[in-house]
Number of protein chains: 2
Amino acid sequence: MESTPLSQAALVQIRRVPLFAGLAPEALGWLLESAQVQSCPRDTVLFEAGDPASQFYVVLDGRVELFMRSAGTRRSVIDVLGPGETFDVAAIFDVGRYPTGARTVEDAELVVVPRDSFVARLSENFDLVLSLMASISRHLRGLVRQVGELKLKTTGQRLGSFLLGLTDAETGHSTVRLPYDKRLLASRLGMQPESLSRAFGTLREIGVHGENDRVVIDDLTALRTYCEENGIPR
Amino acid sequence: MESTPLSQAALVQIRRVPLFAGLAPEALGWLLESAQVQSCPRDTVLFEAGDPASQFYVVLDGRVELFMRSAGTRRSVIDVLGPGETFDVAAIFDVGRYPTGARTVEDAELVVVPRDSFVARLSENFDLVLSLMASISRHLRGLVRQVGELKLKTTGQRLGSFLLGLTDAETGHSTVRLPYDKRLLASRLGMQPESLSRAFGTLREIGVHGENDRVVIDDLTALRTYCEENGIPR
DNA sequence: ACCGCCACTTGACGAAGATCAATGAGGGTG
DNA sequence: CACCCTCATTGATCTTCGTCAAGTGGCGGT
């Protein structure tokens, strides 16, 4: 796990992150002056829940899981983040402790942004404040959705909702790619890998066919109906 | 449901809200110039999930539940808020739609703060920005915790964790009062009322005795151990 | 005082999902 | 190629929780 200052190439990538979109390049460079890029091999634990939080992260490449640990080695995955997403932005404004642990599930490139200089510069850029709020709010919305789904959907419906979230199409059929392996997906959806397999089995009956990480949804509308009966309005 | 401008008495109450603590009275009056106080009888639906969000709320008195609806009339409660708490602050920064519905579960007094004037004034008070971030972050932390508990705790452990959250004491025994009725509590904890009854039954074996809305915990440490085996670190 | 309503509890049963165990399909390594 | 290891699937069984039904006690209204 090595750290280097931000390269020009990294800056270009960061400009695609929603949080920083719309910022002038020089403003961005100034904002992230003391940020570093960190290359982490697969399966690196970045921090554990409860560790003091003095920085936040932006994923440039690879994937990171946010998890909670239970007694023993059991992990439950709260969320999985890919390129362009930020995490633990909120932690630095709160009590200053991470609410979850974080671990790379692939080799990853991360931008590490230290709190103090970032906050100081935030005070001089109100647009960025709004952008930051929007980012945190999106994250919050995702969690609310997840709580709702855990409370009132079956495994099949949760899987279906997840698949629907992977496509932009509204009606008709669609092919999606699972962004990570099924073990991780099962944990993210709050079930065991075996239950995920069976959930794919039940969805097969309503026209969802998968092989490896490719999944074909024959009829998006039908799947959406299935997921929302006794379910959640979008 | 009637609306009135903010009274002096209401302003005094609002100063106790964490979000606004530390603001000078005149700054607060200016900030909330276009806010209104709304008196809502029990069981008023303030908005449904998906409604456009152009304001946020502060609870002065009473309680409000945030819920998601499933097909039919089934509701699942995401959170219950009491005096001094704010809700849907985040919604106004995001896509502008409420992620949940909201309903009063008691007669309630609410402060309604319209988005536009609030955001405009926010830009001139950076301390308030930080306070707002902290408030949203706390909310987010609560949701993360809830997701973790739903994914890896039993009904008994979830109830235990909830009870532990009601007391300030660290060790020894403690008496707490349930802040709302058991039907609502069950939904908040993601279970049926019958399961909540049985969960109280299992906790009785480790020294948790309840009658009506009073619950006596004989040994906080024992309960904490029970909740965290296979559970979540605090 | 009586009745009815509502919140809560308890019991019996069934369904969903977890757990345990066995098997097969790649993928890398000696 | 043989070997091993991990991931995924499938079947059998068990546990937990939801569902349905009945029963209790409190509280307000007539």
# chains A, B, ... in the order shown; residues from 1 in each chain; ligands from 1
$ interface_residues --of "chain D" --to "chain A" --cutoff "9 Å" --atoms "only C-alpha atoms (C1' of nucleotides)" --output "PyMOL selection string"
chain D and resi 7-10
$ interface_residues --of "chain C" --to "chain A" --cutoff "9 Å" --atoms "only C-alpha atoms (C1' of nucleotides)" --output "NGL selection string"
:C and (16-18)
$ select_by_dssp --residues "stretch 81-141 of chain A" --states "alpha helix (DSSP H)" --output "PyMOL selection string"
chain A and resi 115-122+126-141
$ residues_around --residues "A:Gln146" --least-positions-apart "5" --cutoff "9 Å" --atoms "only C-alpha atoms (C1' of nucleotides)" --output "PDB file with C-alpha atoms, in the first residue's frame"
ATOM      1  CA  ARG A 141     -31.355   7.861   0.527  1.00  0.00           C
ATOM      2  CA  LYS A 151     -37.789  -4.922   6.524  1.00  0.00           C
ATOM      3  CA  LEU A 189     -28.308  -7.966   0.089  1.00  0.00           C
TER       4      LEU A 189
ATOM      5  CA  VAL B 147     -28.853  -1.833   8.498  1.00  0.00           C
TER       6      VAL B 147
END
$ closest_atom_pairs --of "chain A" --to "chain B" --cutoff "7 Å" --atoms "only C-alpha atoms" --output "JSON lines"
{"residue": "A:Met68", "atom": "CA", "partner": "B:Gly148", "partner_atom": "CA", "distance": 6.5}
{"residue": "A:Arg69", "atom": "CA", "partner": "B:Ile232", "partner_atom": "CA", "distance": 6.1}
{"residue": "A:Ser70", "atom": "CA", "partner": "B:Gly231", "partner_atom": "CA", "distance": 4.5}
{"residue": "A:Ala71", "atom": "CA", "partner": "B:Asn230", "partner_atom": "CA", "distance": 4.4}
{"residue": "A:Ser76", "atom": "CA", "partner": "B:Gly148", "partner_atom": "CA", "distance": 6.9}
{"residue": "A:Ile78", "atom": "CA", "partner": "B:Gly148", "partner_atom": "CA", "distance": 6.8}
{"residue": "A:Ala90", "atom": "CA", "partner": "B:Ser137", "partner_atom": "CA", "distance": 5.1}
{"residue": "A:Ala91", "atom": "CA", "partner": "B:Ser137", "partner_atom": "CA", "distance": 6.6}
{"residue": "A:Phe93", "atom": "CA", "partner": "B:Ala134", "partner_atom": "CA", "distance": 5.0}
{"residue": "A:Asp94", "atom": "CA", "partner": "B:Ala134", "partner_atom": "CA", "distance": 4.7}
{"residue": "A:Pro99", "atom": "CA", "partner": "B:Arg141", "partner_atom": "CA", "distance": 6.2}
{"residue": "A:Ser123", "atom": "CA", "partner": "B:Phe126", "partner_atom": "CA", "distance": 6.3}
{"residue": "A:Phe126", "atom": "CA", "partner": "B:Ser123", "partner_atom": "CA", "distance": 6.3}
{"residue": "A:Leu130", "atom": "CA", "partner": "B:Phe93", "partner_atom": "CA", "distance": 6.9}
{"residue": "A:Met133", "atom": "CA", "partner": "B:Phe93", "partner_atom": "CA", "distance": 6.0}
{"residue": "A:Ala134", "atom": "CA", "partner": "B:Asp94", "partner_atom": "CA", "distance": 4.7}
{"residue": "A:Ser137", "atom": "CA", "partner": "B:Ala90", "partner_atom": "CA", "distance": 5.1}
{"residue": "A:Arg138", "atom": "CA", "partner": "B:Asp94", "partner_atom": "CA", "distance": 6.4}
{"residue": "A:Leu140", "atom": "CA", "partner": "B:Leu140", "partner_atom": "CA", "distance": 5.9}
{"residue": "A:Arg141", "atom": "CA", "partner": "B:Pro99", "partner_atom": "CA", "distance": 6.2}
{"residue": "A:Leu143", "atom": "CA", "partner": "B:Leu143", "partner_atom": "CA", "distance": 6.4}
{"residue": "A:Val144", "atom": "CA", "partner": "B:Leu143", "partner_atom": "CA", "distance": 7.0}
{"residue": "A:Val147", "atom": "CA", "partner": "B:Val147", "partner_atom": "CA", "distance": 5.8}
{"residue": "A:Gly148", "atom": "CA", "partner": "B:Met68", "partner_atom": "CA", "distance": 6.5}
{"residue": "A:Lys151", "atom": "CA", "partner": "B:Gly190", "partner_atom": "CA", "distance": 5.4}
{"residue": "A:Gly190", "atom": "CA", "partner": "B:Lys151", "partner_atom": "CA", "distance": 5.4}
{"residue": "A:Glu229", "atom": "CA", "partner": "B:Ala71", "partner_atom": "CA", "distance": 5.7}
{"residue": "A:Asn230", "atom": "CA", "partner": "B:Ala71", "partner_atom": "CA", "distance": 4.4}
{"residue": "A:Gly231", "atom": "CA", "partner": "B:Ser70", "partner_atom": "CA", "distance": 4.5}
{"residue": "A:Ile232", "atom": "CA", "partner": "B:Ser70", "partner_atom": "CA", "distance": 5.1}
$ write_last_selection --atoms "C-alpha atoms" --output "PDB file, in the first residue's frame"
ATOM      1  CA  MET A  68     -19.728  -4.273  10.107  1.00  0.00           C
ATOM      2  CA  ARG A  69     -18.162  -7.071  12.026  1.00  0.00           C
ATOM      3  CA  SER A  70     -19.894  -9.416  14.389  1.00  0.00           C
ATOM      4  CA  ALA A  71     -18.260 -11.609  16.976  1.00  0.00           C
ATOM      5  CA  SER A  76     -21.917  -7.999   7.017  1.00  0.00           C
ATOM      6  CA  ILE A  78     -23.389  -2.400   4.264  1.00  0.00           C
ATOM      7  CA  ALA A  90     -20.011  12.247   6.516  1.00  0.00           C
ATOM      8  CA  ALA A  91     -17.842  10.710   9.223  1.00  0.00           C
ATOM      9  CA  PHE A  93     -18.303  16.048  10.267  1.00  0.00           C
ATOM     10  CA  ASP A  94     -19.742  13.930  13.006  1.00  0.00           C
ATOM     11  CA  PRO A  99     -19.310   3.968  11.578  1.00  0.00           C
ATOM     12  CA  SER A 123     -15.734  27.381   3.783  1.00  0.00           C
ATOM     13  CA  PHE A 126     -20.399  27.374  -1.155  1.00  0.00           C
ATOM     14  CA  LEU A 130     -24.166  22.136  -1.737  1.00  0.00           C
ATOM     15  CA  MET A 133     -24.748  17.897   0.875  1.00  0.00           C
ATOM     16  CA  ALA A 134     -26.232  16.363  -2.231  1.00  0.00           C
ATOM     17  CA  SER A 137     -28.065  12.930   0.866  1.00  0.00           C
ATOM     18  CA  ARG A 138     -27.828  10.419  -1.950  1.00  0.00           C
ATOM     19  CA  LEU A 140     -28.582   8.565   2.979  1.00  0.00           C
ATOM     20  CA  ARG A 141     -31.355   7.861   0.527  1.00  0.00           C
ATOM     21  CA  LEU A 143     -29.540   3.531   3.193  1.00  0.00           C
ATOM     22  CA  VAL A 144     -33.187   4.393   3.779  1.00  0.00           C
ATOM     23  CA  VAL A 147     -33.637  -0.475   5.477  1.00  0.00           C
ATOM     24  CA  GLY A 148     -37.051  -0.535   3.837  1.00  0.00           C
ATOM     25  CA  LYS A 151     -37.789  -4.922   6.524  1.00  0.00           C
ATOM     26  CA  GLY A 190     -28.450  -9.356   3.605  1.00  0.00           C
ATOM     27  CA  GLU A 229     -45.933  -6.402  -4.801  1.00  0.00           C
ATOM     28  CA  ASN A 230     -45.940  -6.168  -1.073  1.00  0.00           C
ATOM     29  CA  GLY A 231     -42.946  -4.006  -1.778  1.00  0.00           C
ATOM     30  CA  ILE A 232     -41.747  -0.477  -2.002  1.00  0.00           C
TER      31      ILE A 232
END
$ residues_around --residues "C:DC2" --least-positions-apart "2" --cutoff "12 Å" --atoms "only C-alpha atoms (C1' of nucleotides)" --output "list of chain:residue names"
C:DG4, D:DG29, D:DT30
$ closest_residue --among "C:DC20, C:DC6, C:DG26, C:DA12" --to "D:DC20" --atoms "only C-alpha atoms (C1' of nucleotides)"
C:DA12
$ atom_distance --atom1 "atom CA of B:Gln157" --atom2 "atom C1' of C:DT10"
21.2 Å
$ select_by_dssp --residues "stretch 14-209 of chain A" --states "strand (DSSP E or B)" --output "number ranges by chain"
A: 36-40, 45-47, 52, 55-61, 64-69, 75-81, 86-87, 97, 101-104, 108-114, 174-177, 208-209
$ write_last_selection --atoms "C-alpha atoms" --output "PDB file, in the first residue's frame"
ATOM      1  CA  GLN A  36      -2.718  11.622  -1.665  1.00  0.00           C
ATOM      2  CA  VAL A  37      -3.335   8.718  -3.985  1.00  0.00           C
ATOM      3  CA  GLN A  38      -3.101   5.328  -2.355  1.00  0.00           C
ATOM      4  CA  SER A  39      -2.689   2.039  -4.202  1.00  0.00           C
ATOM      5  CA  CYS A  40      -4.062  -0.855  -2.202  1.00  0.00           C
ATOM      6  CA  VAL A  45      -8.493  -3.345   5.517  1.00  0.00           C
ATOM      7  CA  LEU A  46      -8.362   0.453   5.386  1.00  0.00           C
ATOM      8  CA  PHE A  47      -9.891   0.963   8.810  1.00  0.00           C
ATOM      9  CA  PRO A  52     -10.848   7.902  14.445  1.00  0.00           C
ATOM     10  CA  GLN A  55      -9.908  11.800   6.250  1.00  0.00           C
ATOM     11  CA  PHE A  56     -12.323  10.648   3.608  1.00  0.00           C
ATOM     12  CA  TYR A  57     -11.873   8.638   0.426  1.00  0.00           C
ATOM     13  CA  VAL A  58     -12.631   8.760  -3.265  1.00  0.00           C
ATOM     14  CA  VAL A  59     -12.464   5.549  -5.290  1.00  0.00           C
ATOM     15  CA  LEU A  60     -10.569   6.008  -8.550  1.00  0.00           C
ATOM     16  CA  ASP A  61     -10.386   2.365  -9.470  1.00  0.00           C
ATOM     17  CA  VAL A  64     -14.290  -1.139  -1.620  1.00  0.00           C
ATOM     18  CA  GLU A  65     -16.769  -2.722   0.783  1.00  0.00           C
ATOM     19  CA  LEU A  66     -18.056  -1.034   3.930  1.00  0.00           C
ATOM     20  CA  PHE A  67     -18.741  -3.659   6.537  1.00  0.00           C
ATOM     21  CA  MET A  68     -19.728  -4.273  10.107  1.00  0.00           C
ATOM     22  CA  ARG A  69     -18.162  -7.071  12.026  1.00  0.00           C
ATOM     23  CA  ARG A  75     -18.793  -9.630   8.282  1.00  0.00           C
ATOM     24  CA  SER A  76     -21.917  -7.999   7.017  1.00  0.00           C
ATOM     25  CA  VAL A  77     -21.558  -5.710   4.063  1.00  0.00           C
ATOM     26  CA  ILE A  78     -23.389  -2.400   4.264  1.00  0.00           C
ATOM     27  CA  ASP A  79     -22.385  -1.107   0.871  1.00  0.00           C
ATOM     28  CA  VAL A  80     -19.947  -1.653  -1.988  1.00  0.00           C
ATOM     29  CA  LEU A  81     -18.413   1.327  -3.756  1.00  0.00           C
ATOM     30  CA  THR A  86     -16.820   8.650  -2.215  1.00  0.00           C
ATOM     31  CA  PHE A  87     -17.104   7.188   1.233  1.00  0.00           C
ATOM     32  CA  ARG A  97     -15.238   7.975  14.131  1.00  0.00           C
ATOM     33  CA  GLY A 101     -14.957  -0.731   8.556  1.00  0.00           C
ATOM     34  CA  ALA A 102     -13.666  -0.578   4.978  1.00  0.00           C
ATOM     35  CA  ARG A 103     -11.833  -3.164   2.919  1.00  0.00           C
ATOM     36  CA  THR A 104     -10.755  -3.361  -0.692  1.00  0.00           C
ATOM     37  CA  ALA A 108      -7.795  -0.367  -5.813  1.00  0.00           C
ATOM     38  CA  GLU A 109      -6.647   3.207  -6.303  1.00  0.00           C
ATOM     39  CA  LEU A 110      -7.997   5.626  -3.751  1.00  0.00           C
ATOM     40  CA  VAL A 111      -7.697   9.351  -3.203  1.00  0.00           C
ATOM     41  CA  VAL A 112      -7.276  10.111   0.471  1.00  0.00           C
ATOM     42  CA  VAL A 113      -8.441  13.591   1.463  1.00  0.00           C
ATOM     43  CA  PRO A 114      -7.468  14.847   4.928  1.00  0.00           C
ATOM     44  CA  SER A 174     -32.026  -5.796 -20.666  1.00  0.00           C
ATOM     45  CA  THR A 175     -28.710  -7.474 -19.988  1.00  0.00           C
ATOM     46  CA  VAL A 176     -26.709  -6.472 -16.946  1.00  0.00           C
ATOM     47  CA  ARG A 177     -23.360  -7.473 -15.501  1.00  0.00           C
ATOM     48  CA  VAL A 208     -34.411 -13.620 -15.387  1.00  0.00           C
ATOM     49  CA  HIS A 209     -31.636 -15.809 -16.753  1.00  0.00           C
TER      50      HIS A 209
END
$ residues_around --residues "stretch 217-222 of chain B" --least-positions-apart "5" --cutoff "12 Å" --atoms "only C-alpha atoms (C1' of nucleotides)" --output "ChimeraX atom specification"
/B:157,160-161,163-177,200,203-211,227-229
$ residues_around --residues "C:DC13" --least-positions-apart "4" --cutoff "12 Å" --atoms "only C-alpha atoms (C1' of nucleotides)" --output "PyMOL selection string"
chain D and resi 18-21
$ write_last_selection --atoms "N, CA and C atoms (P, O5', C5', C4', C3', O3' and C1' of nucleotides)" --output "short mmCIF file (atom, residue, chain, number, x, y, z; two decimals), in the first residue's frame"
data_model
loop_
_atom_site.label_atom_id
_atom_site.label_comp_id
_atom_site.auth_asym_id
_atom_site.auth_seq_id
_atom_site.Cartn_x
_atom_site.Cartn_y
_atom_site.Cartn_z
P DG D 18 -40.91 -11.37 12.06
"O5'" DG D 18 -42.09 -12.05 11.23
"C5'" DG D 18 -41.86 -12.37 9.86
"C4'" DG D 18 -43.05 -13.07 9.27
"C3'" DG D 18 -44.38 -12.31 9.42
"O3'" DG D 18 -45.14 -12.48 8.22
"C1'" DG D 18 -44.53 -14.40 10.52
P DT D 19 -46.55 -11.75 8.07
"O5'" DT D 19 -47.62 -12.88 8.45
"C5'" DT D 19 -47.60 -14.11 7.74
"C4'" DT D 19 -48.67 -15.03 8.29
"C3'" DT D 19 -50.02 -14.37 8.53
"O3'" DT D 19 -51.00 -15.13 7.86
"C1'" DT D 19 -49.33 -15.62 10.43
P DC D 20 -52.52 -14.54 7.74
"O5'" DC D 20 -53.31 -15.41 8.81
"C5'" DC D 20 -53.19 -16.83 8.78
"C4'" DC D 20 -53.83 -17.43 10.00
"C3'" DC D 20 -55.16 -16.79 10.42
"O3'" DC D 20 -56.10 -17.81 10.64
"C1'" DC D 20 -53.69 -16.91 12.27
P DA D 21 -57.65 -17.48 10.93
"O5'" DA D 21 -57.78 -17.75 12.49
"C5'" DA D 21 -57.22 -18.93 13.06
"C4'" DA D 21 -57.30 -18.87 14.55
"C3'" DA D 21 -58.53 -18.16 15.10
"O3'" DA D 21 -59.18 -19.00 16.03
"C1'" DA D 21 -56.56 -17.36 16.14
#
$ atom_distance --atom1 "atom CA of B:Arg121" --atom2 "atom CA of B:Leu6"
17.4 Å
$ residues_around --residues "A:Leu178" --least-positions-apart "5" --cutoff "8 Å" --atoms "only C-alpha atoms (C1' of nucleotides)" --output "PDB file with C-alpha atoms, in the first residue's frame"
ATOM      1  CA  ASP A 213     -21.829 -12.582 -14.173  1.00  0.00           C
ATOM      2  CA  ARG A 214     -24.171 -11.867 -17.097  1.00  0.00           C
ATOM      3  CA  VAL A 215     -27.855 -11.628 -16.274  1.00  0.00           C
TER       4      VAL A 215
END
$ closest_residue --among "C:DA1, C:DG30, C:DG24, C:DA7" --to "B:Leu184" --atoms "only C-alpha atoms (C1' of nucleotides)"
C:DA7
$ atom_distance --atom1 "atom CA of A:Phe20" --atom2 "atom CA of A:Phe162"
26.5 Å
